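Working notes for the structure below.
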Amino acid sequence: MFDNKENTGLEKLGEFGLIDLISKSIELKEASTIKGIGDDAAVIQHEGKQTLISTDLLLEGVHFDLRYVPLKHLGYKAVQVNLSDIYAMNGIASQITFSIGLSSKFPLEAVEELYAGAILACKKYDVDLIGGDTSSSKQGLVISVTSIGYADPVSVTYRNGAGEGDLICVSGDLGGAYVGLQLLEREKQIFLENPNIQPDLEGKDYIVERQLKPEARRDVVQLLKDLQIKPTSMIDVSDGLASEILHICRQSSKGCRLYEEKIPIDQMTYDTAREFGLDPTVCALSGGEDYELLFTIKQADYEKIKGDLDISVIGHIMEESAGCNLVSKSGNLHPITAQGWNAFN
């Protein structure tokens, strides 16, 4: 992964030198940022808004594998997955802190690659990197990102607001990140068995990118605002569609009915899942890491959203006693169970 003959050891720079180096690459643009890196704490100001805060922890060997995840992609993704939580509250992300713990195997050039990806994500989403921490680690690479955002008090959307009869909507398509992961894992195993064989990812760009470089859906938040739609509940699809709709239903004390034929699955995802002997619908339900937005809306808002090709209506909310079920393409009813990511498995 790294050529130590050409790389710079972090011990030559030290923690403060590293912080100074990183700071030089950061440009603050968000009006609410009063003070960024360089003091004991950052200072932000959101007048008349509610502040949203979310934190994610990413561990090498648990959340990512550096044998096939480029560091620049990892830095980008670490920011994206955290911003997604802010958008899932129907808010706008404005700042992040980015902290790392890393072992001595990582040279300065590796750290620069990681931060280059993080800064690229910040620039794309108009977010300021305002602080963080650096530390040594004996367990490989650790990344912690905290995102800060804001929303008008009347706009903040929780998981517990779904009402009976509400329509269940999802952005984009599902299952691609999980199938992309299966492809990367397969190619890793082939490489480990025979290092002379190069990975074969030709024609699979979309699903590989869905895994390595997801895009948080800030555009959906803006779309809903433009259409004057206030979702009744919202969550991002990080652990799989099944897990997320169950979160909404449990916290809203409601049931639901999803329709398999309505779940959006890209053709490449579908075909590649079949190549692996996987059910594409199961990949969408339980795969996770798609970082699309799952939300519910009043039926009266359907006319506003029905023409948008990037939003799919996949079911509706029911009374709690009806349970949470999936209607298969053959018309059979199946209880929805969460089989997605479990941090403690």
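Residue names in the structure tokens use chain letters A, B, ... in the order shown, residue numbers from 1 in each chain, and ligand numbers from 1 in the order shown.
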Report task. Name the residues of region 92-210 of chain A that come out as helix (DSSP H, G or I) in a backbone DSSP run; write them as a PyMOL selection string. Result -> chain A and resi 108-124+176-193+205-210
Where does region 153-228 of chain A meet region 253-273 of chain A within 7 Å, residue by residue, with the nearest atom pair and distance in Å to one decimal for each, counting only C-alpha atoms, listed by chain and rising number, as a tab-separated table?
```
residue	atom	partner	partner_atom	distance
A:Asp173	CA	A:Pro264	CA	4.7
A:Leu174	CA	A:Ile265	CA	5.4
A:Gly175	CA	A:Thr269	CA	6.6
A:Gly176	CA	A:Thr269	CA	5.2
A:Val179	CA	A:Ala273	CA	6.1
A:Ile207	CA	A:Thr269	CA	6.6
```
Selection to disk with N, CA and C atoms, as a PDB file, in the first residue's frame:
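Wrote it out as out01.pdb, contents follow:
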```
ATOM      1  N   ASP A 173     -31.710   4.625  -5.680  1.00  0.00           N
ATOM      2  CA  ASP A 173     -31.919   3.184  -5.779  1.00  0.00           C
ATOM      3  C   ASP A 173     -31.155   2.499  -4.655  1.00  0.00           C
ATOM      4  N   LEU A 174     -31.522   1.251  -4.391  1.00  0.00           N
ATOM      5  CA  LEU A 174     -31.025   0.554  -3.205  1.00  0.00           C
ATOM      6  C   LEU A 174     -30.295  -0.746  -3.564  1.00  0.00           C
ATOM      7  N   GLY A 175     -29.413  -1.161  -2.672  1.00  0.00           N
ATOM      8  CA  GLY A 175     -28.720  -2.435  -2.827  1.00  0.00           C
ATOM      9  C   GLY A 175     -27.380  -2.354  -3.526  1.00  0.00           C
ATOM     10  N   GLY A 176     -27.112  -1.250  -4.204  1.00  0.00           N
ATOM     11  CA  GLY A 176     -25.885  -1.122  -4.992  1.00  0.00           C
ATOM     12  C   GLY A 176     -24.621  -1.173  -4.158  1.00  0.00           C
ATOM     13  N   VAL A 179     -23.922  -4.844  -3.017  1.00  0.00           N
ATOM     14  CA  VAL A 179     -23.450  -5.695  -4.117  1.00  0.00           C
ATOM     15  C   VAL A 179     -22.044  -5.269  -4.529  1.00  0.00           C
ATOM     16  N   ILE A 207     -21.686   0.267  -9.177  1.00  0.00           N
ATOM     17  CA  ILE A 207     -21.853  -0.365  -7.865  1.00  0.00           C
ATOM     18  C   ILE A 207     -20.593  -0.263  -7.016  1.00  0.00           C
TER      19      ILE A 207
END
```
Query - Sel. of strand (DSSP E or B) residues, region 41-250 of chain A, as a VMD selection string - result: chain A and resid 43 to 44 50 to 60 64 92 to 102 128 to 131 134 to 136 142 to 151 167 to 171 233 to 236
Requested in this report: State, in Å with one decimal place, the distance from CA of Ala121 (chain A) to CA of Pro70 (chain A).
Outcome: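 If I compute the distance from CA of Ala121 (chain A) to CA of Pro70 (chain A), I get 14.7 Å.
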Per residue of region 174-264 of chain A within 10 Å of region 79-87 of chain A, record the nearest atom pair and its distance in Å to one decimal, counting only C-alpha atoms, with rows in chain order and ascending residue number, as a tab-separated table.
```
residue	atom	partner	partner_atom	distance
A:Lys213	CA	A:Gln80	CA	8.3
A:Pro214	CA	A:Gln80	CA	6.8
A:Glu215	CA	A:Gln80	CA	6.2
A:Ala216	CA	A:Ser84	CA	5.0
A:Arg217	CA	A:Ser84	CA	6.7
A:Arg218	CA	A:Tyr87	CA	5.9
A:Asp219	CA	A:Tyr87	CA	9.1
A:Val220	CA	A:Tyr87	CA	8.3
A:Val221	CA	A:Tyr87	CA	6.5
A:Gln222	CA	A:Tyr87	CA	9.6
A:Met234	CA	A:Tyr87	CA	9.1
A:Ile235	CA	A:Asp85	CA	7.7
A:Asp236	CA	A:Asp85	CA	6.6
A:Val237	CA	A:Ser84	CA	9.1
A:Ser238	CA	A:Val81	CA	8.1
```
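If you count only C-alpha atoms and ignore residues fewer than 2 places along the chain from region 333-338 of chain A, what sits within 8 Å of it is Gly240, Ala242, Ser243, Leu246, Ser286, Gly323, Cys324, Asn325, Leu326, Val327, Ser328, Gly331 and Gly340 of chain A.
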